[in-house]
>>> print(open('model.txt').read())   # compact mmCIF, C-alpha atoms
# COMPACT_ATOMS: atom_id res chain seq x y z
CA MET A 139 30.56 -12.10 11.10
CA GLU A 140 29.13 -8.90 9.62
CA LEU A 141 25.84 -9.64 7.91
CA THR A 142 24.71 -7.89 4.73
CA GLN A 143 22.56 -8.99 1.83
CA ALA A 144 25.78 -9.80 -0.03
CA THR A 145 26.86 -12.05 2.86
CA VAL A 146 23.48 -13.79 2.75
CA ASN A 147 23.92 -14.35 -0.99
CA ASP A 148 27.30 -15.99 -0.36
CA LEU A 149 25.91 -18.24 2.38
CA LEU A 150 22.99 -19.39 0.23
CA ALA A 151 25.32 -20.02 -2.70
CA ARG A 152 27.46 -22.26 -0.47
CA LEU A 153 24.38 -24.30 0.42
CA GLY A 154 23.50 -24.70 -3.26
CA PRO A 155 20.14 -25.24 -4.94
CA GLY A 156 19.26 -28.53 -3.22
CA ASP A 157 18.89 -29.52 0.43
CA GLY A 158 21.58 -28.25 2.77
CA HIS A 159 22.29 -26.63 6.12
CA MET A 160 25.12 -25.04 8.06
CA HIS A 161 25.92 -23.95 11.59
CA LEU A 162 26.98 -20.31 11.61
CA PRO A 163 29.57 -18.53 13.78
CA ASP A 164 28.50 -18.19 17.40
CA ASP A 165 28.95 -14.41 17.35
CA LEU A 166 26.31 -14.02 14.60
CA ASP A 167 23.04 -12.47 15.73
CA PRO A 168 20.25 -14.76 14.43
CA GLN A 169 17.77 -11.89 14.52
CA VAL A 170 19.86 -9.83 12.09
CA LEU A 171 19.86 -12.74 9.63
CA THR A 172 16.11 -13.15 10.12
CA ASP A 173 15.57 -9.45 9.42
CA LEU A 174 17.65 -9.61 6.23
CA LEU A 175 15.72 -12.63 4.96
CA ASP A 176 12.46 -10.99 6.01
CA GLY A 177 13.33 -7.93 3.92
CA ARG A 178 14.10 -10.16 0.96
CA TYR A 179 11.33 -12.76 1.09
CA GLY A 180 8.53 -11.19 3.16
CA ALA A 181 6.90 -12.34 6.38
CA PRO A 182 8.19 -15.73 7.58
CA ARG A 183 6.37 -18.64 9.15
CA THR A 184 7.56 -19.83 12.57
CA LEU A 185 8.16 -23.58 12.44
CA VAL A 186 9.82 -24.02 15.85
CA LEU A 187 9.70 -21.74 18.89
CA ASP A 188 11.48 -22.47 22.17
CA GLY A 189 12.05 -26.02 21.02
CA PHE A 190 8.39 -26.72 20.27
CA THR A 191 7.45 -27.49 16.67
CA ASP A 192 4.21 -26.10 15.27
CA PRO A 193 2.01 -29.23 15.02
CA THR A 194 0.51 -28.02 11.74
CA VAL A 195 3.87 -28.00 9.94
CA ASP A 196 3.89 -30.48 7.06
CA GLU A 197 5.75 -30.92 3.77
CA SER A 198 3.75 -28.13 2.16
CA GLY A 199 4.73 -25.81 5.02
CA GLY A 200 8.48 -26.33 5.18
CA ALA A 201 8.85 -29.48 7.31
CA ALA A 202 11.89 -30.52 5.23
CA LEU A 203 13.85 -27.68 6.84
CA LEU A 204 13.69 -29.42 10.22
CA ALA A 205 14.97 -32.82 9.11
CA PRO A 206 18.73 -32.05 9.45
CA PHE A 207 18.36 -31.10 13.11
CA GLU A 208 16.69 -34.33 14.27
CA GLY A 209 14.59 -32.66 16.95
CA ARG A 210 17.34 -30.30 18.13
CA ALA A 211 15.86 -27.12 16.55
CA VAL A 212 15.24 -24.36 19.09
CA LYS A 213 13.82 -21.61 16.88
CA ILE A 214 13.32 -21.84 13.13
CA ARG A 215 11.57 -19.39 10.82
CA ALA A 216 10.90 -20.25 7.17
CA TRP A 217 10.32 -18.54 3.85
CA ALA A 218 9.15 -19.92 0.50
CA TYR A 219 11.04 -18.70 -2.54
CA GLY A 220 10.35 -20.32 -5.87
CA ASP A 221 11.20 -24.01 -5.64
CA GLN A 222 13.16 -23.59 -2.43
CA TRP A 223 12.48 -23.32 1.29
CA VAL A 224 14.85 -21.08 3.26
CA GLY A 225 15.05 -21.23 7.04
CA THR A 226 17.10 -19.71 9.82
CA GLY A 227 17.18 -19.53 13.59
CA THR A 228 19.01 -21.66 16.14
CA ALA A 229 19.50 -25.37 16.77
CA ARG A 230 21.62 -27.47 19.11
CA ASP A 231 24.64 -29.12 17.59
CA ALA A 232 25.72 -32.69 18.35
CA GLY A 233 27.32 -31.46 21.56
CA GLY A 234 24.11 -29.79 22.76
CA VAL A 235 25.31 -26.22 22.15
CA GLU A 236 22.69 -23.86 20.71
CA ARG A 237 24.06 -22.21 17.55
CA PRO A 238 22.74 -20.06 14.69
CA VAL A 239 21.82 -22.03 11.58
CA LEU A 240 20.87 -21.50 7.97
CA VAL A 241 19.04 -24.25 6.07
CA VAL A 242 17.52 -24.73 2.62
CA ALA A 243 15.32 -27.48 1.19
CA HIS A 244 13.49 -28.27 -2.04
CA ARG A 245 9.93 -26.96 -2.32
CA GLU A 246 7.16 -28.23 -4.55
CA VAL A 247 5.71 -25.22 -6.36
CA PRO A 248 1.91 -25.12 -5.91
CA GLU A 249 -0.33 -25.74 -8.86
CA PRO A 250 -2.02 -22.73 -10.48
CA LEU A 251 -5.45 -21.54 -9.42
CA ALA A 252 -8.05 -23.61 -11.26
CA VAL A 253 -11.48 -22.17 -11.99
CA ALA A 254 -14.10 -23.91 -14.10
CA PRO A 255 -15.26 -21.87 -17.13
CA ASP A 256 -18.80 -21.56 -15.76
CA GLU A 257 -17.80 -21.10 -12.09
CA ASP A 258 -19.24 -18.02 -10.45
CA VAL A 259 -16.40 -16.73 -8.26
CA ASP A 260 -16.59 -13.95 -5.70
CA TRP A 261 -13.03 -12.74 -6.23
CA MET A 262 -13.11 -10.29 -3.33
CA GLU A 263 -14.05 -13.05 -0.90
CA ARG A 264 -11.33 -15.23 -2.39
CA LEU A 265 -8.83 -12.37 -2.02
CA LYS A 266 -9.71 -11.96 1.65
CA GLY A 267 -9.25 -15.68 2.13
CA ILE A 268 -5.89 -15.75 0.33
CA THR A 269 -4.55 -12.88 2.46
CA GLY A 270 -6.13 -14.10 5.70
CA TRP A 271 -7.91 -10.76 6.02
CA THR A 272 -10.12 -10.66 9.12
CA GLN A 273 -9.89 -6.97 10.03
CA HIS A 274 -12.66 -4.43 9.72
CA ALA A 275 -13.01 -2.47 6.49
CA ARG A 276 -10.32 0.22 6.44
CA ARG A 277 -12.04 2.85 4.28
CA PRO A 278 -15.75 2.04 4.20
CA ASP A 279 -16.70 5.70 3.82
CA MET A 280 -14.73 6.50 0.67
CA ASP A 281 -16.50 9.26 -1.24
CA TRP A 282 -16.57 7.56 -4.63
CA THR A 283 -19.10 10.05 -5.98
CA GLU A 284 -16.55 12.84 -5.54
CA VAL A 285 -13.67 10.74 -6.92
CA GLU A 286 -15.64 9.59 -9.96
CA SER A 287 -16.89 13.10 -10.62
CA ARG A 288 -13.33 14.41 -10.56
CA LEU A 289 -12.12 11.64 -12.88
CA GLY A 290 -15.12 11.98 -15.16
CA THR A 291 -15.92 8.26 -15.09
CA ALA A 292 -17.43 5.56 -12.93
CA LEU A 293 -14.97 2.99 -11.53
CA PRO A 294 -15.05 -0.82 -11.33
CA SER A 295 -16.97 -2.07 -8.31
CA ASP A 296 -14.39 -4.72 -7.31
CA TYR A 297 -11.64 -2.09 -7.19
CA LYS A 298 -13.76 0.15 -4.98
CA CYS A 299 -14.43 -2.81 -2.71
CA MET A 300 -10.67 -3.52 -2.48
CA VAL A 301 -9.93 0.05 -1.40
CA GLU A 302 -12.80 0.10 1.10
CA THR A 303 -11.76 -3.25 2.56
CA PHE A 304 -7.96 -3.06 2.66
CA GLY A 305 -7.24 0.67 2.65
CA GLU A 306 -3.78 2.10 2.05
CA GLY A 307 -1.05 -0.48 1.69
CA ALA A 308 0.36 -3.28 -0.44
CA PHE A 309 -0.30 -6.95 -1.08
CA ASP A 310 2.71 -8.96 0.12
CA GLY A 311 4.34 -5.60 0.82
CA TYR A 312 4.96 -5.39 -2.93
CA LEU A 313 1.82 -4.53 -4.90
CA ASP A 314 0.69 -1.04 -3.90
CA LEU A 315 -3.06 -0.49 -4.13
CA ASN A 316 -3.84 3.04 -5.34
CA GLN A 317 -6.44 4.73 -3.18
CA GLU A 318 -7.60 6.52 -6.31
CA PRO A 319 -6.83 5.58 -9.91
CA TRP A 320 -3.94 7.49 -11.40
CA PRO A 321 -5.06 9.16 -14.66
CA GLY A 322 -1.58 9.94 -15.97
CA LEU A 323 -1.99 7.46 -18.84
CA ARG A 324 -5.43 8.74 -19.81
CA GLU A 325 -4.33 9.74 -23.30
CA ASP A 326 -3.43 6.08 -23.88
CA GLY A 327 -6.87 4.99 -22.69
CA LEU A 328 -5.45 3.64 -19.40
CA LEU A 329 -6.17 4.29 -15.73
CA SER A 330 -3.65 2.90 -13.24
CA TRP A 331 -5.11 1.24 -10.10
CA ALA A 332 -1.95 -0.34 -8.63
CA GLY A 333 1.79 -0.57 -9.07
CA THR A 334 4.81 -2.49 -7.82
CA GLU A 335 8.21 -1.66 -6.43
CA HIS A 336 9.60 -2.82 -9.79
CA GLU A 337 7.67 0.04 -11.41
CA ASP A 338 5.14 -2.14 -13.22
CA LEU A 339 1.80 -0.34 -13.51
CA TYR A 340 -1.47 -2.28 -13.24
CA CYS A 341 -4.14 -0.47 -15.23
CA TRP A 342 -7.52 -0.80 -16.88
CA ARG A 343 -8.13 -0.21 -20.55
CA ALA A 344 -10.96 2.21 -19.81
CA ASP A 345 -13.10 1.79 -22.89
CA GLY A 346 -16.85 1.24 -22.86
CA ASP A 347 -19.53 2.58 -20.54
CA ASP A 348 -19.45 -0.34 -18.09
CA PRO A 349 -16.31 -0.15 -15.89
CA ASP A 350 -17.02 -3.63 -14.55
CA ARG A 351 -16.11 -4.92 -18.00
CA TRP A 352 -12.82 -3.03 -18.28
CA PRO A 353 -9.94 -5.50 -18.73
CA VAL A 354 -6.68 -5.27 -16.83
CA VAL A 355 -3.56 -4.15 -18.68
CA VAL A 356 -0.04 -4.28 -17.26
CA LEU A 357 2.37 -1.60 -18.40
CA SER A 358 5.72 -3.11 -17.47
CA PHE A 359 8.71 -1.11 -16.28
CA ASP A 360 10.30 -1.51 -19.73
CA GLY A 361 7.21 -0.19 -21.53
CA GLU A 362 5.65 -3.50 -22.59
CA TYR A 363 1.83 -3.50 -22.85
CA VAL A 364 0.38 -6.82 -21.57
CA PRO A 365 -3.45 -7.25 -21.60
CA PHE A 366 -5.42 -9.69 -19.41
CA ASP A 367 -9.03 -10.70 -19.86
CA CYS A 368 -10.08 -10.27 -16.23
CA ARG A 369 -10.96 -7.68 -13.61
CA ALA A 370 -8.74 -6.23 -10.89
CA ALA A 371 -9.65 -8.48 -7.94
CA GLU A 372 -9.30 -11.64 -10.03
CA PHE A 373 -5.96 -10.39 -11.36
CA VAL A 374 -4.62 -9.87 -7.83
CA CYS A 375 -5.82 -13.32 -6.74
CA ARG A 376 -4.11 -14.96 -9.67
CA ILE A 377 -0.75 -13.25 -9.33
CA LEU A 378 -0.72 -14.10 -5.63
CA ILE A 379 -1.29 -17.85 -5.99
CA ASP A 380 -0.71 -18.90 -9.61
CA PRO A 381 3.04 -19.65 -9.98
CA HIS A 382 2.74 -19.73 -13.77
CA HIS A 383 1.20 -16.28 -14.14
CA ARG A 384 3.31 -13.80 -16.10
CA PHE A 385 3.53 -11.47 -13.07
CA THR A 386 3.31 -14.10 -10.33
CA MET A 387 4.23 -13.58 -6.72
CA ALA A 388 3.36 -17.20 -5.83
CA ARG A 389 6.81 -18.47 -6.73
CA TYR A 390 8.30 -16.33 -3.98
CA PHE A 391 5.81 -16.45 -1.11
CA ASP A 392 3.80 -19.39 0.20
CA THR A 393 1.58 -17.19 2.35
CA HIS A 394 0.10 -13.85 1.41
CA TRP A 395 -0.91 -10.78 3.34
CA PHE A 396 -1.86 -7.14 3.02
CA MET A 397 0.62 -4.72 4.56
CA ASN A 398 -1.39 -1.77 5.84
CA TYR A 399 0.53 1.48 5.83
CA ARG A 400 -1.66 3.05 8.51
CA GLU A 401 -1.92 0.43 11.23
CA GLY A 402 -3.22 2.99 13.68
CA ASP A 403 -6.46 3.42 11.71
>>> encode(input="model.txt", output="structure tokens")
Amino acid sequence: MELTQATVNDLLARLGPGDGHMHLPDDLDPQVLTDLLDGRYGAPRTLVLDGFTDPTVDESGGAALLAPFEGRAVKIRAWAYGDQWVGTGTARDAGGVERPVLVVAHREVPEPLAVAPDEDVDWMERLKGITGWTQHARRPDMDWTEVESRLGTALPSDYKCMVETFGEGAFDGYLDLNQEPWPGLREDGLLSWAGTEHEDLYCWRADGDDPDRWPVVVLSFDGEYVPFDCRAAEFVCRILIDPHHRFTMARYFDTHWFMNYREGD
């Protein structure tokens, strides 16, 4: 079987929107299917490796994907996508033969991020926790004095902290963090600090003398102007884990990460 994204679409359609699984042709390379799903849904979680199930796997982590195999799974990787779990790998059939498999199961969408009105939140610390960031700061020596002088304005402190901490890359491999704000929308009163592969631009409405009070504005790929009453780090936290946010990524990924473009740094 030749695997393409179109083939994957057909296989998933055959399984339907509920729970389902199938054994795939023996000549199919499970790694190719894993790579295609990885390119579509992001980094997977390994549920089973060499026949051993991760003991931390529970219903919130894709355990329903393992039920059809009744302990015969050999290697299963899982992705969260909206209200569905998707898994692939290999499992032994009733005759004990190890075969490639594709499996889907219903997923409970997590509740949105709740913050009390008077709660004092360190959004950068929360962002590091959400992404599991434990690495050293990537760009601690950014010359913000030079950047701000060139732009003719001071910049929000949480944005500068994001750049210093994470460096060059993208959240969930999707939201690119600008290393310097892009001033191309300056005549509209906007500075762009991030963007997505769908060509949405995440900006500030740069009015007022205090950049830490600049609100986020999304300029969507179709030209819609969508304001948000929050700062950049809070905005990123919310789109990562609030499935009801207008620009959410939480409906598609159950874990979040920062993809660094310069891993050798």
>>> closest_residue(input="model.txt", among="A:Gly199, A:Pro168, A:Pro353, A:Gly333", to="Asp367 in chain A", atoms="all atoms listed in the file")
A:Pro353
>>> closest_residue(input="model.txt", among="A:Ser198, A:Asn316, A:Thr184, A:Thr291", to="Pro349 in chain A", atoms="only C-alpha atoms")
A:Thr291
>>> residues_around(input="model.txt", residues="range 294-311 of chain A", least_positions_apart="3", cutoff="10 Å", atoms="all atoms listed in the file", output="NGL selection string")
:A and (177 or 179-181 or 260-262 or 265-266 or 269 or 271 or 273-280 or 282 or 291 or 314-319 or 331-335 or 342 or 344 or 348-352 or 369-372 or 374 or 378 or 387 or 391 or 393-401 or 403)
>>> atom_distance(input="model.txt", atom1="CA of Glu236 in chain A", atom2="CA of Gln143 in chain A")
24.0 Å
>>> closest_residue(input="model.txt", among="A:Gly322, A:Gly327, A:Gly200, A:Gly154", to="Glu246 in chain A", atoms="only C-alpha atoms")
A:Gly200
>>> residues_around(input="model.txt", residues="Phe359 in chain A", least_positions_apart="5", cutoff="7 Å", atoms="all atoms listed in the file", output="JSON, numbers by chain")
{"A": [336, 337, 338]}
>>> atom_distance(input="model.txt", atom1="CA of Val212 in chain A", atom2="CA of Gly189 in chain A")
4.1 Å
>>> closest_residue(input="model.txt", among="A:Val170, A:Leu141, A:Ile214, A:Val235", to="Pro182 in chain A", atoms="all atoms listed in the file")
A:Ile214
>>> atom_distance(input="model.txt", atom1="CA of Glu263 in chain A", atom2="CA of Phe385 in chain A")
21.4 Å
>>> residues_near_point(input="model.txt", point="(-0.3, -14.2, -7.9)", cutoff="6 Å", atoms="all atoms listed in the file", output="list in words")
Cys375, Arg376, Ile377, Leu378, Ile379, Asp380, Thr386, Met387 and Ala388 of chain A
>>> closest_residue(input="model.txt", among="A:Asp231, A:Asp221, A:Asp196, A:Asp188", to="Met160 in chain A", atoms="only C-alpha atoms")
A:Asp231
